[in-house]
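Read through the structure below, which is laid out as structure tokens, and then see the notes.
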Amino acid sequence: MPSSRTSRAPLQRVTRRPPVSRPPRENPLRRLHTRARRAWDRPLTAYYLILGGSLLITVLGLVMVYSASQITALQKSLPGTFFFRKQFLAATIGTVLLLVASRMPVKLHRALAYPILAGCVFLMALVQVPGIGQSINGNQNWIAVGGSFQIQPSEFGKLALVLWGADLLARKEDKRLLTQWKHMLVPLVPVAFLLLGLIMLGGDMGTAIILTAILFGLLWLAGAPTRMFVGVLSIAGLIGFVLIRTSENRMARLACIGATEPRTDGADCWQAVHGIYALASGGIFGSGLGASVEKWGQLPEAHTDFIFAVTGEELGLAGTLSVLALFAALGYAGIRVAGRTEDPFVRYAAGGVTTWITAQAVINIGAVLGLLPIAGVPLPLFSYGGSALLPTMFAIGLLIAFARDEPAARAALAMRQPRFGRKRGGGPSGPGRWNTMRRRVSARSSGER
């Protein structure tokens, strides 16, 4: 028997473990898309888009007004900061209006609809009184309020039509009257035509187009059938055709669509052509802030209707695309607010404001690009003009108030505002994540879809 010291232990066979299958790596683009979609679907997304987008547009507009208006001010023997100071004052007052509107309850907004409409009709009629109304660039739509300050009542007519039309349609929807075409059209369409008539007495075709867009937006939100749209659109188109054919100035503007050089056949396309020149010379990143050449007298209304052209020349394609992206985000947020609410007034008012701002931006930018006739409307929140800025910022305050009033948004804001020592992350009586709270709210209310 062999000794135990010389004996060897039996060799143990090492079994190899099968390779562990690793999960496939997720595509970075898909992961980024998933994260962006989750962030896009958060309850406060619309609130942040409206607040942040509108403030960025306003601040960038102040910068561009200061840059584009210096030469015009000096040519009129005014200080170089003259127009900027007036715009900054209007932006300050507009910010106060925005904050007030964002904190006002919905009932108070509805209560203000009729006084604002009555005041606008009175002021728009007062514009046509000789000695009170003032004419600027061929349009008599202004009232002097002292010094160098003037107001344009037709700009406030947009806000009046949105508030009054939303309140009217909401009350009729509560009574289930919108299934009848006469209740859908009367008195909304006659009152809108009254405002349009007062505006057209002053010759302001651009503002009339914006009011028409608001009217169609309200009718679409109210569920108007296609044949009703065709009928109202046919009447509006016929009236517009007559107004354009009977005005040489409007026919000349229509003839300048797509013009790339000044014409000598009676249609003066100087402004349209130099707007294209400004955009073309900007390149990708522009010539630099304040380095525009077209604003030195070549481009009329460089700080008002054609400020987008100066933006393209100084900030380039990157700057103009940034402005377009901000307006697109603002429009999306407004549509989201209108689509997620169960309050009829909020739906009509949010849709009307979104239609107003989007249509006006499209008309202004389309005219600068040579795709639409020059309508003489400012770029919302961006162009110079206090009369246009004040009602627009109040309307933005409306959207902010509606975005805050969504059930899921209220819950998310309540979690971020601890009271009397309660923790932000929730306690035993509340969840710690916003998405759980959102599901609980959506189960209790149909406001979050």
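Note on naming: chains are A, B, ... as they come in the structure tokens, residues start from 1 per chain, ligands start from 1 in the order shown.
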
Surrounding residues of region 363-375 of chain A excluding itself and chain neighbours under 3 positions, 7 Å, only C-alpha atoms, as JSON, numbers by chain: {"A": [205, 206, 253, 254, 256, 257, 258, 259, 272, 275, 276, 305, 306, 308, 309, 359, 360, 378, 379]}

I need the chosen residues saved as a short mmCIF file (atom, residue, chain, number, x, y, z; two decimals), in the first residue's frame, with all heavy atoms.
```
data_model
loop_
_atom_site.label_atom_id
_atom_site.label_comp_id
_atom_site.auth_asym_id
_atom_site.auth_seq_id
_atom_site.Cartn_x
_atom_site.Cartn_y
_atom_site.Cartn_z
N MET A 205 -55.07 96.44 -43.38
CA MET A 205 -55.42 95.12 -43.89
C MET A 205 -54.74 94.01 -43.10
O MET A 205 -55.30 92.93 -42.90
CB MET A 205 -55.03 95.02 -45.36
CG MET A 205 -55.49 93.76 -46.06
SD MET A 205 -57.26 93.78 -46.40
CE MET A 205 -57.45 92.24 -47.30
N GLY A 206 -53.52 94.24 -42.62
CA GLY A 206 -52.78 93.21 -41.90
C GLY A 206 -53.46 92.80 -40.61
O GLY A 206 -53.62 91.60 -40.33
N ARG A 253 -48.23 95.47 -53.42
CA ARG A 253 -47.63 94.55 -52.45
C ARG A 253 -47.80 93.10 -52.90
O ARG A 253 -46.90 92.27 -52.72
CB ARG A 253 -48.28 94.74 -51.08
CG ARG A 253 -47.97 96.07 -50.43
CD ARG A 253 -48.53 96.13 -49.02
NE ARG A 253 -48.25 97.40 -48.37
CZ ARG A 253 -48.50 97.67 -47.09
NH1 ARG A 253 -49.06 96.72 -46.34
NH2 ARG A 253 -48.21 98.84 -46.58
N LEU A 254 -48.92 92.80 -53.50
CA LEU A 254 -49.15 91.45 -53.99
C LEU A 254 -48.21 91.12 -55.15
O LEU A 254 -47.77 89.97 -55.30
CB LEU A 254 -50.60 91.31 -54.44
CG LEU A 254 -51.13 89.89 -54.68
CD1 LEU A 254 -51.12 89.10 -53.38
CD2 LEU A 254 -52.53 89.93 -55.27
N CYS A 256 -45.20 92.03 -55.42
CA CYS A 256 -43.81 91.95 -54.97
C CYS A 256 -43.47 90.60 -54.35
O CYS A 256 -42.37 90.43 -53.82
CB CYS A 256 -43.52 93.06 -53.95
SG CYS A 256 -43.51 94.72 -54.67
N ILE A 257 -44.39 89.66 -54.40
CA ILE A 257 -44.08 88.33 -53.85
C ILE A 257 -43.00 87.67 -54.70
O ILE A 257 -43.12 87.55 -55.91
CB ILE A 257 -45.35 87.45 -53.83
CG1 ILE A 257 -46.40 88.05 -52.88
CG2 ILE A 257 -45.02 86.03 -53.40
CD1 ILE A 257 -47.69 87.27 -52.83
N GLY A 258 -41.93 87.24 -54.06
CA GLY A 258 -40.84 86.57 -54.75
C GLY A 258 -39.93 87.49 -55.52
O GLY A 258 -39.07 87.01 -56.27
N ALA A 259 -40.06 88.82 -55.35
CA ALA A 259 -39.20 89.75 -56.09
C ALA A 259 -37.77 89.69 -55.56
O ALA A 259 -37.53 89.60 -54.36
CB ALA A 259 -39.75 91.18 -55.96
N ALA A 272 -39.19 94.84 -49.96
CA ALA A 272 -39.14 93.38 -50.05
C ALA A 272 -37.79 92.90 -50.55
O ALA A 272 -37.22 91.93 -50.03
CB ALA A 272 -40.25 92.88 -50.98
N GLY A 275 -35.06 93.36 -47.94
CA GLY A 275 -35.20 92.37 -46.89
C GLY A 275 -34.53 91.06 -47.28
O GLY A 275 -33.87 90.41 -46.45
N ILE A 276 -34.68 90.66 -48.55
CA ILE A 276 -33.99 89.46 -49.04
C ILE A 276 -32.49 89.68 -49.05
O ILE A 276 -31.71 88.77 -48.69
CB ILE A 276 -34.50 89.11 -50.45
CG1 ILE A 276 -36.00 88.75 -50.42
CG2 ILE A 276 -33.70 87.96 -51.04
CD1 ILE A 276 -36.32 87.52 -49.61
N ASP A 305 -41.57 96.12 -38.86
CA ASP A 305 -42.06 94.99 -39.66
C ASP A 305 -40.94 94.10 -40.20
O ASP A 305 -41.15 92.90 -40.39
CB ASP A 305 -42.90 95.51 -40.83
CG ASP A 305 -44.08 96.33 -40.36
OD1 ASP A 305 -44.44 96.23 -39.17
OD2 ASP A 305 -44.66 97.08 -41.18
N PHE A 306 -39.75 94.66 -40.45
CA PHE A 306 -38.67 93.89 -41.06
C PHE A 306 -37.50 93.67 -40.10
O PHE A 306 -36.36 93.57 -40.53
CB PHE A 306 -38.19 94.59 -42.34
CG PHE A 306 -38.94 94.16 -43.56
CD1 PHE A 306 -40.27 94.49 -43.73
CD2 PHE A 306 -38.33 93.39 -44.54
CE1 PHE A 306 -40.97 94.10 -44.85
CE2 PHE A 306 -39.02 92.99 -45.67
CZ PHE A 306 -40.35 93.34 -45.82
N PHE A 308 -36.97 90.97 -38.56
CA PHE A 308 -36.49 89.61 -38.80
C PHE A 308 -35.39 89.61 -39.85
O PHE A 308 -34.46 88.78 -39.79
CB PHE A 308 -37.65 88.72 -39.23
CG PHE A 308 -37.31 87.26 -39.30
CD1 PHE A 308 -37.20 86.50 -38.16
CD2 PHE A 308 -37.11 86.65 -40.53
CE1 PHE A 308 -36.90 85.15 -38.23
CE2 PHE A 308 -36.80 85.30 -40.61
CZ PHE A 308 -36.69 84.55 -39.46
N ALA A 309 -35.47 90.53 -40.83
CA ALA A 309 -34.41 90.61 -41.84
C ALA A 309 -33.11 91.09 -41.23
O ALA A 309 -32.03 90.58 -41.55
CB ALA A 309 -34.85 91.54 -42.97
N ALA A 359 -50.32 82.85 -36.31
CA ALA A 359 -50.68 83.44 -37.60
C ALA A 359 -49.92 84.74 -37.85
O ALA A 359 -49.44 84.98 -38.96
CB ALA A 359 -52.19 83.68 -37.66
N GLN A 360 -49.79 85.57 -36.82
CA GLN A 360 -49.09 86.84 -37.00
C GLN A 360 -47.61 86.61 -37.27
O GLN A 360 -47.01 87.31 -38.10
CB GLN A 360 -49.28 87.71 -35.75
CG GLN A 360 -48.73 89.12 -35.91
CD GLN A 360 -49.25 90.06 -34.83
OE1 GLN A 360 -50.38 89.90 -34.34
NE2 GLN A 360 -48.45 91.03 -34.45
N PRO A 378 -46.45 93.50 -37.10
CA PRO A 378 -45.17 93.26 -36.41
C PRO A 378 -45.00 91.81 -36.03
O PRO A 378 -45.97 91.03 -35.98
CB PRO A 378 -45.29 94.16 -35.17
CG PRO A 378 -46.75 94.22 -34.90
CD PRO A 378 -47.43 94.19 -36.24
N LEU A 379 -43.77 91.43 -35.76
CA LEU A 379 -43.47 90.09 -35.26
C LEU A 379 -43.78 90.06 -33.76
O LEU A 379 -43.24 90.85 -33.00
CB LEU A 379 -42.00 89.75 -35.51
CG LEU A 379 -41.57 88.30 -35.25
CD1 LEU A 379 -42.37 87.34 -36.11
CD2 LEU A 379 -40.08 88.14 -35.51
#
```

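Note that DSSP on the backbone gives strand (DSSP E) to these residues of region 123-367 of chain A: Gly133, Gln134, Ser135, Ile136, Asn139, Gln140, Asn141, Trp142, Ile143, Ala144, Val145, Gly146, Phe149, Gln150 and Ile151 of chain A.
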
Hey, can you spit out that residue selection with N, CA, C and O atoms as an mmCIF file, in the first residue's frame?
```cif
data_model
loop_
_atom_site.group_PDB
_atom_site.id
_atom_site.type_symbol
_atom_site.label_atom_id
_atom_site.label_comp_id
_atom_site.auth_asym_id
_atom_site.auth_seq_id
_atom_site.Cartn_x
_atom_site.Cartn_y
_atom_site.Cartn_z
ATOM 1 N N GLY A 133 -57.991 110.712 -34.173
ATOM 2 C CA GLY A 133 -57.219 109.654 -34.807
ATOM 3 C C GLY A 133 -56.061 110.211 -35.613
ATOM 4 O O GLY A 133 -56.138 111.306 -36.181
ATOM 5 N N GLN A 134 -54.970 109.477 -35.656
ATOM 6 C CA GLN A 134 -53.767 109.879 -36.382
ATOM 7 C C GLN A 134 -53.436 108.840 -37.430
ATOM 8 O O GLN A 134 -53.645 107.640 -37.235
ATOM 9 N N SER A 135 -52.898 109.313 -38.550
ATOM 10 C CA SER A 135 -52.546 108.455 -39.667
ATOM 11 C C SER A 135 -51.037 108.270 -39.726
ATOM 12 O O SER A 135 -50.283 109.242 -39.664
ATOM 13 N N ILE A 136 -50.603 107.011 -39.819
ATOM 14 C CA ILE A 136 -49.184 106.675 -39.929
ATOM 15 C C ILE A 136 -49.029 105.682 -41.068
ATOM 16 O O ILE A 136 -49.677 104.628 -41.084
ATOM 17 N N ASN A 139 -52.258 104.486 -42.788
ATOM 18 C CA ASN A 139 -53.288 103.814 -41.991
ATOM 19 C C ASN A 139 -53.680 104.693 -40.810
ATOM 20 O O ASN A 139 -52.821 105.106 -40.024
ATOM 21 N N GLN A 140 -54.960 104.991 -40.695
ATOM 22 C CA GLN A 140 -55.443 105.812 -39.583
ATOM 23 C C GLN A 140 -55.977 104.880 -38.497
ATOM 24 O O GLN A 140 -57.161 104.566 -38.435
ATOM 25 N N ASN A 141 -55.065 104.437 -37.638
ATOM 26 C CA ASN A 141 -55.417 103.492 -36.581
ATOM 27 C C ASN A 141 -54.782 103.864 -35.247
ATOM 28 O O ASN A 141 -54.662 102.996 -34.373
ATOM 29 N N TRP A 142 -54.403 105.130 -35.071
ATOM 30 C CA TRP A 142 -53.644 105.513 -33.895
ATOM 31 C C TRP A 142 -54.340 106.653 -33.150
ATOM 32 O O TRP A 142 -55.043 107.464 -33.742
ATOM 33 N N ILE A 143 -54.086 106.696 -31.848
ATOM 34 C CA ILE A 143 -54.559 107.779 -30.985
ATOM 35 C C ILE A 143 -53.379 108.253 -30.153
ATOM 36 O O ILE A 143 -52.697 107.451 -29.507
ATOM 37 N N ALA A 144 -53.124 109.556 -30.175
ATOM 38 C CA ALA A 144 -52.037 110.119 -29.379
ATOM 39 C C ALA A 144 -52.464 110.215 -27.918
ATOM 40 O O ALA A 144 -53.575 110.657 -27.610
ATOM 41 N N VAL A 145 -51.571 109.789 -27.024
ATOM 42 C CA VAL A 145 -51.876 109.816 -25.588
ATOM 43 C C VAL A 145 -50.962 110.769 -24.832
ATOM 44 O O VAL A 145 -50.968 110.795 -23.609
ATOM 45 N N GLY A 146 -50.189 111.564 -25.537
ATOM 46 C CA GLY A 146 -49.321 112.525 -24.890
ATOM 47 C C GLY A 146 -47.862 112.297 -25.224
ATOM 48 O O GLY A 146 -47.369 111.159 -25.171
ATOM 49 N N PHE A 149 -45.944 109.223 -27.294
ATOM 50 C CA PHE A 149 -46.610 107.939 -27.092
ATOM 51 C C PHE A 149 -47.949 107.914 -27.820
ATOM 52 O O PHE A 149 -48.706 108.884 -27.786
ATOM 53 N N GLN A 150 -48.207 106.792 -28.469
ATOM 54 C CA GLN A 150 -49.452 106.561 -29.191
ATOM 55 C C GLN A 150 -49.924 105.141 -28.925
ATOM 56 O O GLN A 150 -49.113 104.264 -28.597
ATOM 57 N N ILE A 151 -51.210 104.929 -29.060
ATOM 58 C CA ILE A 151 -51.765 103.586 -28.918
ATOM 59 C C ILE A 151 -52.533 103.230 -30.181
ATOM 60 O O ILE A 151 -53.071 104.104 -30.867
#
```

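Residue nearest Ala255 (chain A) within the list A:Leu188, A:Cys269, A:Leu78, A:Leu326: A:Cys269 [criterion: smallest interatomic distance, only C-alpha atoms].
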
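In terms of minimum interatomic distance to Leu381 (chain A), A:Ile307 ranks closest within A:Leu238, A:Gln128, A:Ile307, A:Leu215, counting only C-alpha atoms.
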
Contact residues around Tyr348 (chain A) with only C-alpha atoms at 8 Å, ignoring same-chain residues under 5 positions, as a list in words: Val162, Gly165, Ala166, Leu169, Ala170, Leu218, Leu221, Ala222 and Ala338 of chain A

Keeping only N, CA, C and O atoms, write the selected residues as an mmCIF file, in the first residue's frame.
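Contents of part-v8.cif, freshly written:
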```
data_model
loop_
_atom_site.group_PDB
_atom_site.id
_atom_site.type_symbol
_atom_site.label_atom_id
_atom_site.label_comp_id
_atom_site.auth_asym_id
_atom_site.auth_seq_id
_atom_site.Cartn_x
_atom_site.Cartn_y
_atom_site.Cartn_z
ATOM 1 N N VAL A 162 -60.562 87.399 -28.589
ATOM 2 C CA VAL A 162 -60.231 86.101 -28.003
ATOM 3 C C VAL A 162 -61.003 85.885 -26.710
ATOM 4 O O VAL A 162 -61.653 84.842 -26.514
ATOM 5 N N GLY A 165 -64.970 86.009 -27.397
ATOM 6 C CA GLY A 165 -65.389 84.849 -28.166
ATOM 7 C C GLY A 165 -65.278 83.561 -27.371
ATOM 8 O O GLY A 165 -66.155 82.689 -27.461
ATOM 9 N N ALA A 166 -64.226 83.418 -26.571
ATOM 10 C CA ALA A 166 -64.079 82.217 -25.748
ATOM 11 C C ALA A 166 -65.169 82.130 -24.693
ATOM 12 O O ALA A 166 -65.743 81.053 -24.453
ATOM 13 N N LEU A 169 -68.593 81.256 -26.548
ATOM 14 C CA LEU A 169 -68.684 79.864 -26.982
ATOM 15 C C LEU A 169 -68.733 78.906 -25.796
ATOM 16 O O LEU A 169 -69.401 77.866 -25.857
ATOM 17 N N ALA A 170 -68.032 79.242 -24.715
ATOM 18 C CA ALA A 170 -68.055 78.379 -23.536
ATOM 19 C C ALA A 170 -69.447 78.350 -22.906
ATOM 20 O O ALA A 170 -69.936 77.281 -22.501
ATOM 21 N N LEU A 218 -61.416 80.112 -33.564
ATOM 22 C CA LEU A 218 -62.494 79.881 -32.593
ATOM 23 C C LEU A 218 -63.583 78.989 -33.172
ATOM 24 O O LEU A 218 -64.100 78.094 -32.493
ATOM 25 N N LEU A 221 -62.306 75.378 -33.231
ATOM 26 C CA LEU A 221 -62.337 74.778 -31.900
ATOM 27 C C LEU A 221 -63.760 74.469 -31.456
ATOM 28 O O LEU A 221 -63.986 73.522 -30.686
ATOM 29 N N ALA A 222 -64.718 75.262 -31.924
ATOM 30 C CA ALA A 222 -66.110 75.029 -31.558
ATOM 31 C C ALA A 222 -66.730 73.870 -32.330
ATOM 32 O O ALA A 222 -67.858 73.483 -32.040
ATOM 33 N N ALA A 338 -54.481 73.869 -24.803
ATOM 34 C CA ALA A 338 -55.857 73.818 -25.293
ATOM 35 C C ALA A 338 -56.375 72.393 -25.410
ATOM 36 O O ALA A 338 -57.573 72.149 -25.241
#
```

For Leu117 (chain A): contacts at 9 Å, only C-alpha atoms, fewer than 5 positions along chain excluded, given as number ranges by chain: A: 112, 122, 156-157, 159-161, 163-164

Any chance you can output those residues with all heavy atoms as a CSV table (one decimal), in the first residue's frame?
```
chain,number,residue,atom,x,y,z
A,112,LEU,N,-63.8,90.0,-17.4
A,112,LEU,CA,-63.2,91.2,-18.1
A,112,LEU,C,-63.5,91.1,-19.6
A,112,LEU,O,-63.1,92.1,-20.3
A,112,LEU,CB,-61.7,91.2,-17.9
A,112,LEU,CG,-61.2,91.5,-16.5
A,112,LEU,CD1,-59.7,91.4,-16.4
A,112,LEU,CD2,-61.6,92.9,-16.1
A,122,PHE,N,-65.2,101.2,-28.6
A,122,PHE,CA,-65.2,102.7,-28.4
A,122,PHE,C,-64.0,103.3,-28.9
A,122,PHE,O,-64.0,104.3,-29.6
A,122,PHE,CB,-65.4,103.0,-26.9
A,122,PHE,CG,-65.4,104.4,-26.6
A,122,PHE,CD1,-66.4,105.3,-26.9
A,122,PHE,CD2,-64.3,105.0,-26.0
A,122,PHE,CE1,-66.4,106.6,-26.7
A,122,PHE,CE2,-64.2,106.4,-25.7
A,122,PHE,CZ,-65.3,107.2,-26.0
A,156,PHE,N,-55.4,95.9,-29.4
A,156,PHE,CA,-56.2,95.3,-28.3
A,156,PHE,C,-57.5,94.6,-28.7
A,156,PHE,O,-58.0,93.9,-27.9
A,156,PHE,CB,-56.5,96.5,-27.3
A,156,PHE,CG,-55.3,97.1,-26.7
A,156,PHE,CD1,-54.6,98.1,-27.3
A,156,PHE,CD2,-54.8,96.6,-25.4
A,156,PHE,CE1,-53.4,98.7,-26.7
A,156,PHE,CE2,-53.7,97.2,-24.9
A,156,PHE,CZ,-53.0,98.2,-25.5
A,157,GLY,N,-57.9,94.9,-29.9
A,157,GLY,CA,-59.1,94.2,-30.4
A,157,GLY,C,-58.9,92.7,-30.6
A,157,GLY,O,-59.8,92.0,-30.5
A,159,LEU,N,-57.1,90.8,-28.5
A,159,LEU,CA,-57.3,90.3,-27.2
A,159,LEU,C,-58.8,90.3,-26.8
A,159,LEU,O,-59.3,89.3,-26.2
A,159,LEU,CB,-56.5,91.1,-26.2
A,159,LEU,CG,-56.6,90.7,-24.7
A,159,LEU,CD1,-56.1,89.3,-24.5
A,159,LEU,CD2,-55.9,91.7,-23.8
A,160,ALA,N,-59.5,91.3,-27.2
A,160,ALA,CA,-60.9,91.4,-26.9
A,160,ALA,C,-61.7,90.3,-27.6
A,160,ALA,O,-62.6,89.7,-27.0
A,160,ALA,CB,-61.4,92.8,-27.3
A,161,LEU,N,-61.4,90.1,-28.9
A,161,LEU,CA,-62.1,89.0,-29.6
A,161,LEU,C,-61.8,87.6,-29.0
A,161,LEU,O,-62.7,86.8,-28.9
A,161,LEU,CB,-61.7,89.0,-31.1
A,161,LEU,CG,-62.4,88.0,-32.0
A,161,LEU,CD1,-63.9,88.2,-32.0
A,161,LEU,CD2,-61.8,88.1,-33.4
A,163,LEU,N,-61.0,86.8,-25.8
A,163,LEU,CA,-61.6,86.7,-24.5
A,163,LEU,C,-63.1,86.6,-24.6
A,163,LEU,O,-63.8,85.7,-24.1
A,163,LEU,CB,-61.2,87.8,-23.6
A,163,LEU,CG,-59.8,87.8,-23.0
A,163,LEU,CD1,-59.6,89.1,-22.2
A,163,LEU,CD2,-59.6,86.6,-22.2
A,164,TRP,N,-63.7,87.6,-25.4
A,164,TRP,CA,-65.2,87.6,-25.5
A,164,TRP,C,-65.7,86.4,-26.3
A,164,TRP,O,-66.7,85.8,-25.9
A,164,TRP,CB,-65.6,88.9,-26.2
A,164,TRP,CG,-67.1,88.9,-26.5
A,164,TRP,CD1,-68.0,89.3,-25.6
A,164,TRP,CD2,-67.7,88.6,-27.7
A,164,TRP,NE1,-69.3,89.2,-26.1
A,164,TRP,CE2,-69.1,88.8,-27.4
A,164,TRP,CE3,-67.3,88.2,-28.9
A,164,TRP,CZ2,-70.1,88.6,-28.4
A,164,TRP,CZ3,-68.3,88.0,-29.9
A,164,TRP,CH2,-69.6,88.2,-29.7
```

Alpha helix (DSSP H) call set, DSSP backbone run, region 310-385 of chain A, as an NGL selection string: :A and (310-340 or 344-368)

Would you mind exporting C-alpha atoms of the selected residues as a short mmCIF file (atom, residue, chain, number, x, y, z; two decimals), in the first residue's frame?
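Printed below is again-v9.cif as written:
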```cif
data_model
loop_
_atom_site.label_atom_id
_atom_site.label_comp_id
_atom_site.auth_asym_id
_atom_site.auth_seq_id
_atom_site.Cartn_x
_atom_site.Cartn_y
_atom_site.Cartn_z
CA VAL A 310 -31.98 92.56 -39.66
CA THR A 311 -31.81 89.55 -37.34
CA GLY A 312 -30.86 87.36 -40.27
CA GLU A 313 -28.17 89.79 -41.39
CA GLU A 314 -26.59 90.22 -37.95
CA LEU A 315 -27.14 86.77 -36.40
CA GLY A 316 -27.29 84.74 -39.58
CA LEU A 317 -29.20 81.56 -40.25
CA ALA A 318 -28.49 80.36 -36.72
CA GLY A 319 -30.25 83.39 -35.24
CA THR A 320 -33.29 83.19 -37.48
CA LEU A 321 -33.69 79.46 -36.88
CA SER A 322 -33.50 80.09 -33.14
CA VAL A 323 -36.33 82.60 -33.41
CA LEU A 324 -38.38 80.15 -35.47
CA ALA A 325 -37.73 77.39 -32.92
CA LEU A 326 -38.91 79.62 -30.06
CA PHE A 327 -42.14 80.46 -31.87
CA ALA A 328 -42.66 76.78 -32.75
CA ALA A 329 -42.22 75.80 -29.08
CA LEU A 330 -44.62 78.53 -28.04
CA GLY A 331 -47.20 77.34 -30.55
CA TYR A 332 -46.84 73.72 -29.48
CA ALA A 333 -47.26 74.64 -25.82
CA GLY A 334 -50.41 76.62 -26.59
CA ILE A 335 -51.91 73.70 -28.54
CA ARG A 336 -51.03 71.36 -25.69
CA VAL A 337 -52.75 73.59 -23.12
CA ALA A 338 -55.86 73.82 -25.29
CA GLY A 339 -55.93 70.06 -25.89
CA ARG A 340 -55.49 68.90 -22.29
CA PRO A 344 -64.37 75.09 -22.51
CA PHE A 345 -63.31 78.69 -21.85
CA VAL A 346 -59.68 77.67 -21.35
CA ARG A 347 -59.76 75.60 -24.54
CA TYR A 348 -61.17 78.42 -26.67
CA ALA A 349 -59.02 81.15 -25.13
CA ALA A 350 -55.78 79.14 -25.35
CA GLY A 351 -56.57 78.13 -28.93
CA GLY A 352 -57.44 81.71 -29.87
CA VAL A 353 -54.22 83.12 -28.40
CA THR A 354 -52.15 80.42 -30.09
CA THR A 355 -53.83 81.10 -33.43
CA TRP A 356 -53.25 84.84 -33.01
CA ILE A 357 -49.52 84.62 -32.22
CA THR A 358 -48.78 81.84 -34.72
CA ALA A 359 -50.68 83.44 -37.60
CA GLN A 360 -49.09 86.84 -37.00
CA ALA A 361 -45.59 85.33 -36.85
CA VAL A 362 -46.18 83.37 -40.06
CA ILE A 363 -47.50 86.43 -41.91
CA ASN A 364 -44.60 88.64 -40.78
CA ILE A 365 -41.85 86.12 -41.46
CA GLY A 366 -43.47 85.04 -44.73
CA ALA A 367 -43.46 88.66 -45.93
CA VAL A 368 -39.78 89.08 -45.04
#
```

Near-Gly386 (chain A) list (8 Å; only C-alpha atoms; drop same-chain fewer than 2 positions) as a ChimeraX atom specification: /A:86-87,90-91,151,384,388-390

Shell around Ile71 (chain A) at 12 Å using only C-alpha atoms, local window under 4 positions removed, as a PyMOL selection string: chain A and resi 65-67+75-84+290-303

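The nearest approach to Pro105 (chain A) among the residues A:Glu406, A:Gly131, A:Leu413, A:Ala401, with only C-alpha atoms taken into account, belongs to A:Ala401.
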
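The environment of region 394-397 of chain A within 9 Å, counting only C-alpha atoms and disregarding residues fewer than 5 places along the same chain, consists of A:Ile50, A:Leu51, A:Ser54, A:Gly94, A:Thr95, A:Val96, A:Leu97, A:Leu98, A:Leu99, A:Val100, A:Ala101, A:Ser102, A:Arg103, A:Leu159, A:Ala350, A:Val353, A:Leu389, A:Phe402.
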
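Proximity to Ser69 (chain A) was assessed for A:Asp268, A:Ser148, A:Thr304, A:Ala280 counting only C-alpha atoms; the smallest distance is recorded for A:Thr304.
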
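The space between CA of Leu185 (chain A) and CA of Val232 (chain A) spans 9.5 Å.
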